[in-house]
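Have a look at the structure below before the remarks.
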Amino acid sequence: MSLVPILIISLILLVITILLIIADTLLVSYGPCRITVHQEDQAKEFTVQGGGFLLSSLTDNGVPITSSCGGKATCGYCKVTVRSGGGHILPTEEIFMSRQEKLSGTRLACQVKVKEDMEIYIPDLLTTVRSIVENKSYDPRLRWRFIKTGQEHYLPAKKLAALPRKQKRQVLAVLEEFEDTPGAVVPALQQINETFNYLPEPILRLTAERLHIPLSEVHRLATFYNAFSLKPKGRNIIRVCNGTSCYVKGGRRILQTIQTRLGIKVGENTRDLKFSLETVTCIGCCGQSPVIAVNEDIYGYFRVSMIDEVLRRYS
Ligand code: FES
Ligand code: FES
């Protein structure tokens with residue numbers, strides 16, 4: 001096969017990339033952006049030329065902010081709370097954030113591009129490290145000791161629950177199967193999740209240990225996929241579709257009635273762990289709306305009058 005067409009295409013792509021880089025540098029201008037920084041009860045304001053990263057804008061203007069990876073998004077130290085401006089959180093940042101932090105606008109300064117006026121708050125390092133330990137980006141078994149302005153602060157090692165012996169044997173049997181397969185963590189977690197219906201912390205730790213990957217990576221995968229849950233789930237998962245088509249055809253009433261019958265709200269389990277209730281934005285059978293699913297079974301043209309019968313079937 002002739003290599004000429006491949007070379008021509010590669011050359012064209014290279015030229016396009018270079019042109020885009022030049023255009024981005026020369027033509028896209030965000031103009032001057034004002035940055036307001038709150039840190040330890042003090043506020044500071046300065047103006048930078050837009051287009052650079054927040055971390056360098058801060059350090060260039062004498063704002064103390066911790067970074068140990070030089071802006072590669074691997075240490076998580078450069079956390080700031082963005083109160084305005086800054087765009088959306090990136091996947092590279094998410095592994096360092098708890099759900100609460102994401103909701104409150106926490107970002108990694110080294111990943112945020114300054115494109116508009118911004119207002120940010122920089123927490124002290126102790127708060128940042130505490131959150132890193134709590135989010136398990138570091139090994140929670142470590143004990144942290146800080147000396148700050150002559151005062152010592154301790155972050156005690158987190159008490160970790162132990163895995164009952166029988167469960168541990170089951171988990172180890174699965175992990176043994178995947179031990180020598182690179183990139184097998186997701187299938188391993190899937191198999192374990194099928195057995196226990198959720199992935200408690202001791203299982204994540206064991207997985208990290210046996211598959212030789214950082215606990216933070218296992219934690220990231222376990223929280224990324226909807227199929228996994230860190231909390232116990234019911235044996236039967238009811239998903240009520242509240243996409244537009246199902247919603248207008250009675251999905252809301254169906255959901256309310258199921259909530260009343262089971263005595264739980266969306267996201268909760270029944271006490272006997274028989275059922276979990278969730279909503280989804282589309283099950284993919286809009287032609288049969290309203291639709292609900294119980295585990296793998298889909299119920300189209302669903303009616304409130306069918307709820308009791310369906311619940312009985314899975315009880
Ligand atoms: S500087 Fe290390 S994550 Fe931002
Ligand atoms: S909107 Fe409900 S299945 Fe598509």
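Residue numbering restarts at 1 in every chain; chains get A, B, ... in the order shown in the structure tokens, and ligands count up from 1 in that same order.
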
Please identify all protein, DNA and RNA residues within 9 Å of ligand 2, counting only C-alpha atoms and all ligand atoms, and report them as a PDB file with C-alpha atoms, in the first residue's frame.
```pdb
ATOM      1  CA  VAL A 240     -38.712   5.607  36.702  1.00  0.00           C
ATOM      2  CA  CYS A 241     -38.212   7.555  33.501  1.00  0.00           C
ATOM      3  CA  ASN A 242     -38.837  11.244  33.855  1.00  0.00           C
ATOM      4  CA  GLY A 243     -37.788  12.192  30.330  1.00  0.00           C
ATOM      5  CA  THR A 244     -40.160  14.574  28.550  1.00  0.00           C
ATOM      6  CA  SER A 245     -42.177  11.926  26.759  1.00  0.00           C
ATOM      7  CA  CYS A 246     -42.742   9.834  29.921  1.00  0.00           C
ATOM      8  CA  TYR A 247     -43.214  12.855  32.157  1.00  0.00           C
ATOM      9  CA  GLY A 251     -44.440   9.603  34.752  1.00  0.00           C
ATOM     10  CA  VAL A 280     -33.539   8.340  34.611  1.00  0.00           C
ATOM     11  CA  THR A 281     -33.811  10.865  31.823  1.00  0.00           C
ATOM     12  CA  CYS A 282     -34.662   8.301  29.124  1.00  0.00           C
ATOM     13  CA  ILE A 283     -34.810   4.529  29.022  1.00  0.00           C
ATOM     14  CA  GLY A 284     -34.746   4.540  25.231  1.00  0.00           C
ATOM     15  CA  CYS A 285     -38.329   3.339  24.673  1.00  0.00           C
ATOM     16  CA  CYS A 286     -40.051   6.702  24.317  1.00  0.00           C
ATOM     17  CA  GLY A 287     -42.587   5.129  21.896  1.00  0.00           C
ATOM     18  CA  GLN A 288     -43.966   3.126  24.860  1.00  0.00           C
ATOM     19  CA  SER A 289     -44.013   5.946  27.384  1.00  0.00           C
ATOM     20  CA  PRO A 290     -44.524   6.174  30.255  1.00  0.00           C
ATOM     21  CA  VAL A 291     -41.832   3.623  31.002  1.00  0.00           C
ATOM     22  CA  ILE A 292     -40.257   2.211  34.145  1.00  0.00           C
ATOM     23  CA  GLY A 300     -43.822   0.219  28.771  1.00  0.00           C
TER      24      GLY A 300
END
```

**Residues within 8 Å of stretch 173-177 of chain A, only C-alpha atoms, excluding chain neighbours under 5 positions, as a list in words** =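 Answer for this query is Ala188, Gln191, Ile192, Thr207, Arg210 and Leu211 of chain A.
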
**Request:** May I ask you to write as a VMD selection string all residues lying at most 10 Å from ligand 1, with only C-alpha atoms and all ligand atoms counted?
**Result:** chain A and resid 54 to 56 65 to 80 92 to 93 96 107 to 112

**Message:** So that I can check the secondary structure, give me every residue of stretch 68-301 of chain A assigned alpha helix (DSSP H) by backbone DSSP, as a PyMOL selection string.
**Reply:** chain A and resi 91-94+99-103+125-134+165-178+185-196+201-211+215-224+244-246+252-262

**Message:** When DSSP is applied to the backbone of this structure, which of stretch 37-279 of chain A are assigned strand (DSSP E)? Write them out as a PyMOL selection string.
**Reply:** chain A and resi 37-39+42-49+79-84+106-108+118-122+144-148+151-155+236-241+275-279

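Near A:Tyr198, within 6 Å and counting only C-alpha atoms, sit Asn193, Ser229, Leu230, Lys231 and Pro232 of chain A; same-chain residues fewer than 3 positions away were not included.
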
Kindly save the residues from that selection, with N, CA and C atoms included, as a PDB file, in the first residue's frame.
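File result_28.pdb, as written:
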```pdb
ATOM      1  N   ASN A 193     -19.219  -5.866  42.333  1.00  0.00           N
ATOM      2  CA  ASN A 193     -20.459  -5.115  42.540  1.00  0.00           C
ATOM      3  C   ASN A 193     -21.688  -6.006  42.337  1.00  0.00           C
ATOM      4  N   SER A 229     -21.983   1.752  43.090  1.00  0.00           N
ATOM      5  CA  SER A 229     -22.443   2.615  44.176  1.00  0.00           C
ATOM      6  C   SER A 229     -21.573   2.361  45.386  1.00  0.00           C
ATOM      7  N   LEU A 230     -21.264   3.436  46.113  1.00  0.00           N
ATOM      8  CA  LEU A 230     -20.458   3.253  47.326  1.00  0.00           C
ATOM      9  C   LEU A 230     -21.357   2.973  48.527  1.00  0.00           C
ATOM     10  N   LYS A 231     -22.664   3.148  48.288  1.00  0.00           N
ATOM     11  CA  LYS A 231     -23.599   2.878  49.390  1.00  0.00           C
ATOM     12  C   LYS A 231     -24.398   1.625  49.047  1.00  0.00           C
ATOM     13  N   PRO A 232     -24.905   0.934  50.064  1.00  0.00           N
ATOM     14  CA  PRO A 232     -25.682  -0.264  49.764  1.00  0.00           C
ATOM     15  C   PRO A 232     -26.881   0.065  48.891  1.00  0.00           C
TER      16      PRO A 232
END
```

**Message:** Using only C-alpha atoms for the distances, tell me which of A:Lys102, A:Arg34, A:Arg220, A:Arg313 is nearest to A:Val185.
**Reply:** A:Arg220

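Taking only C-alpha atoms into account, A:Arg253 lies nearest to A:Ile307 out of the set A:Ile132, A:Ile35, A:Ile307, A:Ala162.
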
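Of the listed residues A:Leu7, A:Leu90, A:Leu103, A:Ile122, the one whose atoms come nearest to A:Ala43 is A:Ile122, with distances taken using only C-alpha atoms.
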
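If only C-alpha atoms are the atoms counted, then among A:Ile95, A:Val294, A:Ser57, A:Gln167 the closest residue to A:Leu215 is A:Ile95.
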
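Minimum atom-to-atom distances from A:Lys274, A:Arg99, A:His212, A:Lys44 to A:Ile238 were compared using only C-alpha atoms, and the lowest value belongs to A:Lys274.
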
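Proximity to A:Thr195 at 10 Å, evaluated using only C-alpha atoms and with sequence-adjacent residues fewer than 4 positions away removed, yields Gln167, Gln170, Val171, Leu189, Gln190, Gln191 and Leu199 of chain A.
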
Selection file, C-alpha atoms, as an mmCIF file, in the first residue's frame:
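What landed in again19.cif:
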```cif
data_model
loop_
_atom_site.group_PDB
_atom_site.id
_atom_site.type_symbol
_atom_site.label_atom_id
_atom_site.label_comp_id
_atom_site.auth_asym_id
_atom_site.auth_seq_id
_atom_site.Cartn_x
_atom_site.Cartn_y
_atom_site.Cartn_z
ATOM 1 C CA GLN A 167 -16.698 -11.347 52.012
ATOM 2 C CA GLN A 170 -15.097 -13.726 47.812
ATOM 3 C CA VAL A 171 -13.442 -10.452 46.818
ATOM 4 C CA LEU A 189 -15.263 -3.949 40.195
ATOM 5 C CA GLN A 190 -18.215 -4.967 38.028
ATOM 6 C CA GLN A 191 -17.967 -8.558 39.153
ATOM 7 C CA LEU A 199 -18.600 -1.222 46.739
#
```

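Here atom CA of A:Gln39 stands at a distance of 6.7 Å from atom CA of A:Pro123.
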